[in-house]
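S.K.: Pasting coords-v1.cif here (mmCIF, N, CA and C atoms):
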data_structure
loop_
_atom_site.label_atom_id
_atom_site.label_comp_id
_atom_site.auth_asym_id
_atom_site.auth_seq_id
_atom_site.Cartn_x
_atom_site.Cartn_y
_atom_site.Cartn_z
N MET A 5 35.06 43.28 11.94
CA MET A 5 33.77 42.80 12.38
C MET A 5 33.98 41.95 13.63
N ALA A 6 33.12 42.13 14.60
CA ALA A 6 33.24 41.38 15.85
C ALA A 6 32.96 39.91 15.60
N GLU A 7 33.57 39.07 16.44
CA GLU A 7 33.46 37.62 16.25
C GLU A 7 32.04 37.13 16.46
N SER A 8 31.27 37.73 17.36
CA SER A 8 29.91 37.29 17.62
C SER A 8 29.01 37.51 16.40
N ARG A 9 29.28 38.60 15.65
CA ARG A 9 28.49 38.85 14.44
C ARG A 9 28.80 37.79 13.38
N VAL A 10 30.04 37.39 13.30
CA VAL A 10 30.43 36.37 12.34
C VAL A 10 29.74 35.06 12.69
N ARG A 11 29.71 34.72 13.97
CA ARG A 11 29.06 33.47 14.40
C ARG A 11 27.56 33.51 14.14
N LYS A 12 26.94 34.67 14.41
CA LYS A 12 25.51 34.81 14.16
C LYS A 12 25.20 34.67 12.67
N ALA A 13 26.02 35.30 11.85
CA ALA A 13 25.81 35.23 10.41
C ALA A 13 25.99 33.79 9.91
N ALA A 14 26.98 33.11 10.43
CA ALA A 14 27.22 31.72 10.03
C ALA A 14 26.07 30.83 10.46
N SER A 15 25.56 31.05 11.66
CA SER A 15 24.45 30.21 12.13
C SER A 15 23.17 30.50 11.34
N LYS A 16 22.97 31.77 10.96
CA LYS A 16 21.80 32.11 10.14
C LYS A 16 21.91 31.47 8.76
N LYS A 17 23.12 31.48 8.18
CA LYS A 17 23.32 30.83 6.89
C LYS A 17 23.07 29.32 6.98
N LYS A 18 23.54 28.74 8.06
CA LYS A 18 23.36 27.29 8.26
C LYS A 18 21.88 26.95 8.41
N GLN A 19 21.14 27.75 9.17
CA GLN A 19 19.71 27.53 9.35
C GLN A 19 18.95 27.71 8.03
N ALA A 20 19.33 28.72 7.26
CA ALA A 20 18.68 28.95 5.97
C ALA A 20 18.95 27.79 5.01
N LYS A 21 20.16 27.26 5.05
CA LYS A 21 20.51 26.13 4.20
C LYS A 21 19.71 24.89 4.62
N GLN A 22 19.58 24.66 5.92
CA GLN A 22 18.82 23.51 6.40
C GLN A 22 17.34 23.63 6.03
N LYS A 23 16.78 24.82 6.15
CA LYS A 23 15.38 25.04 5.77
C LYS A 23 15.17 24.78 4.29
N GLN A 24 16.11 25.25 3.48
CA GLN A 24 16.00 25.04 2.03
C GLN A 24 16.08 23.55 1.70
N GLU A 25 16.99 22.83 2.33
CA GLU A 25 17.10 21.39 2.10
C GLU A 25 15.83 20.66 2.53
N LEU A 26 15.26 21.09 3.64
CA LEU A 26 14.03 20.47 4.13
C LEU A 26 12.88 20.73 3.16
N ARG A 27 12.79 21.96 2.64
CA ARG A 27 11.75 22.28 1.65
C ARG A 27 11.90 21.43 0.39
N GLU A 28 13.13 21.27 -0.06
CA GLU A 28 13.39 20.46 -1.26
C GLU A 28 13.03 19.00 -1.01
N GLU A 29 13.36 18.49 0.15
CA GLU A 29 13.05 17.10 0.48
C GLU A 29 11.53 16.88 0.56
N ARG A 30 10.82 17.81 1.17
CA ARG A 30 9.35 17.70 1.25
C ARG A 30 8.72 17.79 -0.13
N ALA A 31 9.24 18.67 -0.97
CA ALA A 31 8.71 18.79 -2.33
C ALA A 31 8.93 17.49 -3.11
N THR A 32 10.08 16.88 -2.92
CA THR A 32 10.36 15.61 -3.59
C THR A 32 9.41 14.53 -3.09
N GLN A 33 9.18 14.47 -1.78
CA GLN A 33 8.27 13.47 -1.21
C GLN A 33 6.85 13.68 -1.71
N GLU A 34 6.41 14.93 -1.79
CA GLU A 34 5.06 15.21 -2.29
C GLU A 34 4.93 14.83 -3.76
N ARG A 35 5.98 15.08 -4.51
CA ARG A 35 5.96 14.76 -5.93
C ARG A 35 5.89 13.25 -6.12
N LEU A 36 6.56 12.49 -5.27
CA LEU A 36 6.55 11.03 -5.37
C LEU A 36 5.38 10.39 -4.63
N GLY A 37 4.64 11.19 -3.88
CA GLY A 37 3.50 10.66 -3.13
C GLY A 37 3.91 9.94 -1.86
N LEU A 38 5.01 10.33 -1.26
CA LEU A 38 5.52 9.68 -0.06
C LEU A 38 5.33 10.53 1.19
N THR A 39 4.28 11.32 1.22
CA THR A 39 4.06 12.17 2.37
C THR A 39 3.74 11.32 3.59
N GLY A 40 4.17 11.73 4.74
CA GLY A 40 4.02 10.94 5.95
C GLY A 40 2.72 11.18 6.70
N SER A 41 1.84 12.01 6.22
CA SER A 41 0.61 12.30 6.94
C SER A 41 -0.51 11.39 6.45
N LYS A 42 -0.53 10.17 6.99
CA LYS A 42 -1.55 9.20 6.61
C LYS A 42 -2.55 9.07 7.74
N ASP A 43 -3.81 9.22 7.41
CA ASP A 43 -4.86 9.11 8.40
C ASP A 43 -5.24 7.65 8.57
N ARG A 44 -5.10 7.14 9.78
CA ARG A 44 -5.40 5.74 10.04
C ARG A 44 -6.53 5.59 11.04
N SER A 45 -7.46 6.52 11.02
CA SER A 45 -8.58 6.43 11.95
C SER A 45 -9.56 5.34 11.54
N TRP A 46 -9.44 4.80 10.34
CA TRP A 46 -10.32 3.75 9.85
C TRP A 46 -9.95 2.38 10.41
N VAL A 47 -8.73 2.23 10.93
CA VAL A 47 -8.24 0.91 11.32
C VAL A 47 -9.10 0.24 12.39
N PRO A 48 -9.44 0.89 13.51
CA PRO A 48 -10.26 0.18 14.50
C PRO A 48 -11.65 -0.16 13.98
N TRP A 49 -12.15 0.64 13.05
CA TRP A 49 -13.48 0.38 12.49
C TRP A 49 -13.46 -0.81 11.54
N VAL A 50 -12.28 -1.25 11.16
CA VAL A 50 -12.17 -2.42 10.28
C VAL A 50 -11.73 -3.65 11.06
N PHE A 51 -10.70 -3.53 11.93
CA PHE A 51 -10.19 -4.74 12.56
C PHE A 51 -11.14 -5.33 13.60
N VAL A 52 -11.93 -4.51 14.26
CA VAL A 52 -12.88 -5.05 15.24
C VAL A 52 -13.96 -5.89 14.56
N PRO A 53 -14.64 -5.40 13.52
CA PRO A 53 -15.63 -6.25 12.86
C PRO A 53 -15.04 -7.50 12.20
N VAL A 54 -13.83 -7.38 11.64
CA VAL A 54 -13.22 -8.55 11.01
C VAL A 54 -12.91 -9.61 12.06
N GLY A 55 -12.39 -9.20 13.20
CA GLY A 55 -12.12 -10.15 14.28
C GLY A 55 -13.39 -10.77 14.82
N LEU A 56 -14.42 -9.95 15.03
CA LEU A 56 -15.69 -10.49 15.51
C LEU A 56 -16.32 -11.43 14.50
N LEU A 57 -16.19 -11.12 13.22
CA LEU A 57 -16.72 -12.01 12.19
C LEU A 57 -16.01 -13.36 12.23
N GLY A 58 -14.71 -13.35 12.45
CA GLY A 58 -13.96 -14.60 12.57
C GLY A 58 -14.42 -15.42 13.77
N VAL A 59 -14.62 -14.77 14.90
CA VAL A 59 -15.08 -15.48 16.10
C VAL A 59 -16.49 -16.00 15.90
N ILE A 60 -17.37 -15.18 15.35
CA ILE A 60 -18.75 -15.61 15.10
C ILE A 60 -18.77 -16.78 14.12
N TRP A 61 -17.92 -16.73 13.10
CA TRP A 61 -17.84 -17.82 12.13
C TRP A 61 -17.46 -19.13 12.82
N MET A 62 -16.46 -19.05 13.70
CA MET A 62 -16.01 -20.26 14.42
C MET A 62 -17.11 -20.80 15.33
N VAL A 63 -17.80 -19.91 16.04
CA VAL A 63 -18.86 -20.35 16.96
C VAL A 63 -20.02 -20.96 16.17
N LEU A 64 -20.43 -20.31 15.10
CA LEU A 64 -21.52 -20.86 14.28
C LEU A 64 -21.15 -22.21 13.69
N TRP A 65 -19.92 -22.35 13.23
CA TRP A 65 -19.49 -23.61 12.65
C TRP A 65 -19.49 -24.73 13.67
N ASN A 66 -19.05 -24.41 14.88
CA ASN A 66 -19.02 -25.44 15.92
C ASN A 66 -20.41 -25.78 16.43
N LEU A 67 -21.30 -24.80 16.53
CA LEU A 67 -22.63 -25.07 17.09
C LEU A 67 -23.63 -25.57 16.06
N ALA A 68 -23.63 -24.98 14.87
CA ALA A 68 -24.68 -25.30 13.91
C ALA A 68 -24.12 -25.51 12.51
N GLY A 69 -22.88 -25.95 12.39
CA GLY A 69 -22.26 -26.10 11.08
C GLY A 69 -22.95 -27.11 10.20
N SER A 70 -23.47 -28.17 10.78
CA SER A 70 -24.12 -29.20 9.95
C SER A 70 -25.51 -28.76 9.51
N ALA A 71 -26.13 -27.82 10.21
CA ALA A 71 -27.47 -27.37 9.88
C ALA A 71 -27.46 -26.26 8.82
N ILE A 72 -26.34 -25.55 8.67
CA ILE A 72 -26.24 -24.47 7.70
C ILE A 72 -25.67 -25.05 6.40
N PRO A 73 -26.44 -24.97 5.29
CA PRO A 73 -26.03 -25.65 4.05
C PRO A 73 -24.65 -25.24 3.53
N GLY A 74 -24.34 -23.96 3.50
CA GLY A 74 -23.05 -23.52 2.98
C GLY A 74 -21.89 -23.97 3.84
N MET A 75 -22.07 -23.97 5.14
CA MET A 75 -21.00 -24.36 6.05
C MET A 75 -20.75 -25.87 5.99
N SER A 76 -21.80 -26.64 5.84
CA SER A 76 -21.60 -28.09 5.79
C SER A 76 -20.85 -28.50 4.53
N LEU A 77 -21.01 -27.75 3.45
CA LEU A 77 -20.28 -28.04 2.22
C LEU A 77 -18.79 -27.70 2.36
N LEU A 78 -18.48 -26.69 3.12
CA LEU A 78 -17.08 -26.28 3.29
C LEU A 78 -16.28 -27.25 4.15
N GLY A 79 -16.94 -27.94 5.04
CA GLY A 79 -16.26 -28.92 5.89
C GLY A 79 -15.24 -28.27 6.80
N ASN A 80 -14.02 -28.79 6.79
CA ASN A 80 -12.98 -28.27 7.67
C ASN A 80 -12.37 -26.95 7.19
N TRP A 81 -12.74 -26.51 6.00
CA TRP A 81 -12.28 -25.21 5.54
C TRP A 81 -12.86 -24.08 6.38
N ASN A 82 -13.93 -24.36 7.10
CA ASN A 82 -14.49 -23.36 8.01
C ASN A 82 -13.47 -22.94 9.07
N LEU A 83 -12.66 -23.88 9.51
CA LEU A 83 -11.62 -23.58 10.48
C LEU A 83 -10.61 -22.59 9.87
N ALA A 84 -10.22 -22.84 8.64
CA ALA A 84 -9.27 -21.95 7.97
C ALA A 84 -9.87 -20.56 7.75
N ILE A 85 -11.15 -20.50 7.43
CA ILE A 85 -11.81 -19.21 7.21
C ILE A 85 -11.87 -18.42 8.52
N GLY A 86 -12.29 -19.05 9.60
CA GLY A 86 -12.38 -18.37 10.90
C GLY A 86 -11.04 -17.90 11.40
N ILE A 87 -10.04 -18.77 11.35
CA ILE A 87 -8.70 -18.39 11.82
C ILE A 87 -8.10 -17.35 10.89
N GLY A 88 -8.37 -17.45 9.59
CA GLY A 88 -7.86 -16.44 8.65
C GLY A 88 -8.42 -15.06 8.93
N LEU A 89 -9.70 -14.98 9.27
CA LEU A 89 -10.30 -13.69 9.61
C LEU A 89 -9.70 -13.13 10.90
N ILE A 90 -9.45 -13.98 11.86
CA ILE A 90 -8.86 -13.52 13.12
C ILE A 90 -7.43 -13.05 12.89
N ILE A 91 -6.66 -13.79 12.09
CA ILE A 91 -5.29 -13.37 11.77
C ILE A 91 -5.29 -12.06 10.99
N ALA A 92 -6.23 -11.91 10.08
CA ALA A 92 -6.34 -10.65 9.33
C ALA A 92 -6.64 -9.49 10.27
N SER A 93 -7.46 -9.74 11.28
CA SER A 93 -7.78 -8.70 12.26
C SER A 93 -6.52 -8.29 13.04
N PHE A 94 -5.74 -9.28 13.47
CA PHE A 94 -4.51 -8.95 14.20
C PHE A 94 -3.51 -8.23 13.29
N SER A 95 -3.48 -8.59 12.03
CA SER A 95 -2.59 -7.90 11.09
C SER A 95 -3.01 -6.45 10.90
N LEU A 96 -4.31 -6.21 10.82
CA LEU A 96 -4.79 -4.84 10.69
C LEU A 96 -4.51 -4.03 11.95
N MET A 97 -4.50 -4.70 13.09
CA MET A 97 -4.25 -4.01 14.35
C MET A 97 -2.86 -3.36 14.37
N THR A 98 -1.91 -3.94 13.66
CA THR A 98 -0.55 -3.39 13.66
C THR A 98 -0.47 -2.05 12.93
N LEU A 99 -1.49 -1.73 12.12
CA LEU A 99 -1.49 -0.45 11.41
C LEU A 99 -1.98 0.71 12.27
N TRP A 100 -2.57 0.39 13.39
CA TRP A 100 -3.18 1.42 14.21
C TRP A 100 -2.14 2.19 14.98
N LYS A 101 -2.24 3.52 14.98
CA LYS A 101 -1.31 4.36 15.75
C LYS A 101 -2.05 5.06 16.85
#
Turn this file's structure into structure tokens for me.

M.R.:
Amino acid sequence: MAESRVRKAASKKKQAKQKQELREERATQERLGLTGSKDRSWVPWVFVPVGLLGVIWMVLWNLAGSAIPGMSLLGNWNLAIGIGLIIASFSLMTLWK
């Protein structure tokens, strides 16, 4: 048998083995629920409103915090709520691809 045929046969066997290993790995990932196709189109629709809510909370607290009954009861916790919402927005931003 010519040497080129031996090389072709060996490369075909190697490719078939790699395909089989890839199929087995994908089947294992699907069985465990670790598939890599995650849709993250929801991320901008969540982080933008959360960030805006944090900014609006801070502005309302600074301008009219004493006039709004719920905000006046919270006192300085309003600062933590506003900054927490903004930090949550930035954290959600890291999920966006």

S.K.: Can you tell me, as a list in words, what residues are no more than 8 Å from Ile90 in chain A when counting all atoms listed in the file, ignoring any on the same chain fewer than 3 positions away?

M.R.: Val54, Gly55, Leu56, Leu57, Gly58, Val59, Ala84, Ile85, Gly86, Ile87, Ser93, Phe94, Ser95 and Leu96 of chain A

S.K.: Starting from the shown file, work through the PyMOL selection byres (((chain A and resi 63-66 and name CA) around 12) and name CA) and note down what comes out as a PyMOL selection string.

M.R.: chain A and resi 56-62+67-87

S.K.: Could you dump the residues just selected with N, CA and C atoms as a compact mmCIF listing (two decimals), in the coordinates of the input?

M.R.:
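What ended up in selection11.txt:
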# COMPACT_ATOMS: atom_id res chain seq x y z
N LEU A 56 -14.42 -9.95 15.03
CA LEU A 56 -15.69 -10.49 15.51
C LEU A 56 -16.32 -11.43 14.50
N LEU A 57 -16.19 -11.12 13.22
CA LEU A 57 -16.72 -12.01 12.19
C LEU A 57 -16.01 -13.36 12.23
N GLY A 58 -14.71 -13.35 12.45
CA GLY A 58 -13.96 -14.60 12.57
C GLY A 58 -14.42 -15.42 13.77
N VAL A 59 -14.62 -14.77 14.90
CA VAL A 59 -15.08 -15.48 16.10
C VAL A 59 -16.49 -16.00 15.90
N ILE A 60 -17.37 -15.18 15.35
CA ILE A 60 -18.75 -15.61 15.10
C ILE A 60 -18.77 -16.78 14.12
N TRP A 61 -17.92 -16.73 13.10
CA TRP A 61 -17.84 -17.82 12.13
C TRP A 61 -17.46 -19.13 12.82
N MET A 62 -16.46 -19.05 13.70
CA MET A 62 -16.01 -20.26 14.42
C MET A 62 -17.11 -20.80 15.33
N LEU A 67 -21.30 -24.80 16.53
CA LEU A 67 -22.63 -25.07 17.09
C LEU A 67 -23.63 -25.57 16.06
N ALA A 68 -23.63 -24.98 14.87
CA ALA A 68 -24.68 -25.30 13.91
C ALA A 68 -24.12 -25.51 12.51
N GLY A 69 -22.88 -25.95 12.39
CA GLY A 69 -22.26 -26.10 11.08
C GLY A 69 -22.95 -27.11 10.20
N SER A 70 -23.47 -28.17 10.78
CA SER A 70 -24.12 -29.20 9.95
C SER A 70 -25.51 -28.76 9.51
N ALA A 71 -26.13 -27.82 10.21
CA ALA A 71 -27.47 -27.37 9.88
C ALA A 71 -27.46 -26.26 8.82
N ILE A 72 -26.34 -25.55 8.67
CA ILE A 72 -26.24 -24.47 7.70
C ILE A 72 -25.67 -25.05 6.40
N PRO A 73 -26.44 -24.97 5.29
CA PRO A 73 -26.03 -25.65 4.05
C PRO A 73 -24.65 -25.24 3.53
N GLY A 74 -24.34 -23.96 3.50
CA GLY A 74 -23.05 -23.52 2.98
C GLY A 74 -21.89 -23.97 3.84
N MET A 75 -22.07 -23.97 5.14
CA MET A 75 -21.00 -24.36 6.05
C MET A 75 -20.75 -25.87 5.99
N SER A 76 -21.80 -26.64 5.84
CA SER A 76 -21.60 -28.09 5.79
C SER A 76 -20.85 -28.50 4.53
N LEU A 77 -21.01 -27.75 3.45
CA LEU A 77 -20.28 -28.04 2.22
C LEU A 77 -18.79 -27.70 2.36
N LEU A 78 -18.48 -26.69 3.12
CA LEU A 78 -17.08 -26.28 3.29
C LEU A 78 -16.28 -27.25 4.15
N GLY A 79 -16.94 -27.94 5.04
CA GLY A 79 -16.26 -28.92 5.89
C GLY A 79 -15.24 -28.27 6.80
N ASN A 80 -14.02 -28.79 6.79
CA ASN A 80 -12.98 -28.27 7.67
C ASN A 80 -12.37 -26.95 7.19
N TRP A 81 -12.74 -26.51 6.00
CA TRP A 81 -12.28 -25.21 5.54
C TRP A 81 -12.86 -24.08 6.38
N ASN A 82 -13.93 -24.36 7.10
CA ASN A 82 -14.49 -23.36 8.01
C ASN A 82 -13.47 -22.94 9.07
N LEU A 83 -12.66 -23.88 9.51
CA LEU A 83 -11.62 -23.58 10.48
C LEU A 83 -10.61 -22.59 9.87
N ALA A 84 -10.22 -22.84 8.64
CA ALA A 84 -9.27 -21.95 7.97
C ALA A 84 -9.87 -20.56 7.75
N ILE A 85 -11.15 -20.50 7.43
CA ILE A 85 -11.81 -19.21 7.21
C ILE A 85 -11.87 -18.42 8.52
N GLY A 86 -12.29 -19.05 9.60
CA GLY A 86 -12.38 -18.37 10.90
C GLY A 86 -11.04 -17.90 11.40
N ILE A 87 -10.04 -18.77 11.35
CA ILE A 87 -8.70 -18.39 11.82
C ILE A 87 -8.10 -17.35 10.89

S.K.: What gap, in Å, lies between CA of Thr98 in chain A and CA of Arg35 in chain A?

M.R.: 27.5 Å

S.K.: For range 98-101 of chain A, I'd like the enclosing box, axis-aligned and padded by 6 Å on every side, reported as lines of an AutoDock Vina configuration file with centre and edge lengths in Å to one decimal.

M.R.:
center_x = -1.8
center_y = 0.6
center_z = 14.1
size_x = 14.7
size_y = 21.0
size_z = 17.4

S.K.: Rounded to one decimal place, report the CA of Trp100 in chain A-CA of Gly88 in chain A distance in Å.

M.R.: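 Between CA of Trp100 in chain A and CA of Gly88 in chain A the gap is 19.3 Å.
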
S.K.: Name every residue that the PyMOL selection byres (((chain A and resi 101 and name CA) around 10) and name CA) selects in this structure, writing the answer as a JSON list (two decimals) with N, CA and C atoms, in the frame of the given file with chains first and numbers rising.

M.R.:
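Output saved as part.json:
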[["chain", "number", "residue", "atom", "x", "y", "z"],
["A", 43, "ASP", "N", -3.81, 9.22, 7.41],
["A", 43, "ASP", "CA", -4.86, 9.11, 8.40],
["A", 43, "ASP", "C", -5.24, 7.65, 8.57],
["A", 44, "ARG", "N", -5.10, 7.14, 9.78],
["A", 44, "ARG", "CA", -5.40, 5.74, 10.04],
["A", 44, "ARG", "C", -6.53, 5.59, 11.04],
["A", 45, "SER", "N", -7.46, 6.52, 11.02],
["A", 45, "SER", "CA", -8.58, 6.43, 11.95],
["A", 45, "SER", "C", -9.56, 5.34, 11.54],
["A", 47, "VAL", "N", -8.73, 2.23, 10.93],
["A", 47, "VAL", "CA", -8.24, 0.91, 11.32],
["A", 47, "VAL", "C", -9.10, 0.24, 12.39],
["A", 48, "PRO", "N", -9.44, 0.89, 13.51],
["A", 48, "PRO", "CA", -10.26, 0.18, 14.50],
["A", 48, "PRO", "C", -11.65, -0.16, 13.98],
["A", 97, "MET", "N", -4.50, -4.70, 13.09],
["A", 97, "MET", "CA", -4.25, -4.01, 14.35],
["A", 97, "MET", "C", -2.86, -3.36, 14.37],
["A", 98, "THR", "N", -1.91, -3.94, 13.66],
["A", 98, "THR", "CA", -0.55, -3.39, 13.66],
["A", 98, "THR", "C", -0.47, -2.05, 12.93],
["A", 99, "LEU", "N", -1.49, -1.73, 12.12],
["A", 99, "LEU", "CA", -1.49, -0.45, 11.41],
["A", 99, "LEU", "C", -1.98, 0.71, 12.27],
["A", 100, "TRP", "N", -2.57, 0.39, 13.39],
["A", 100, "TRP", "CA", -3.18, 1.42, 14.21],
["A", 100, "TRP", "C", -2.14, 2.19, 14.98]]

S.K.: State, in Å with one decimal place, the distance from atom N of Val50 in chain A to CA of Ala92 in chain A.

M.R.: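 It comes out at 11.3 Å.
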
S.K.: Would you give me, as an MDAnalysis selection string, the residues in chain A that DSSP reads as alpha helix (DSSP H)?

M.R.: chainID A and resid 7:36 47:68 73:78 81:97
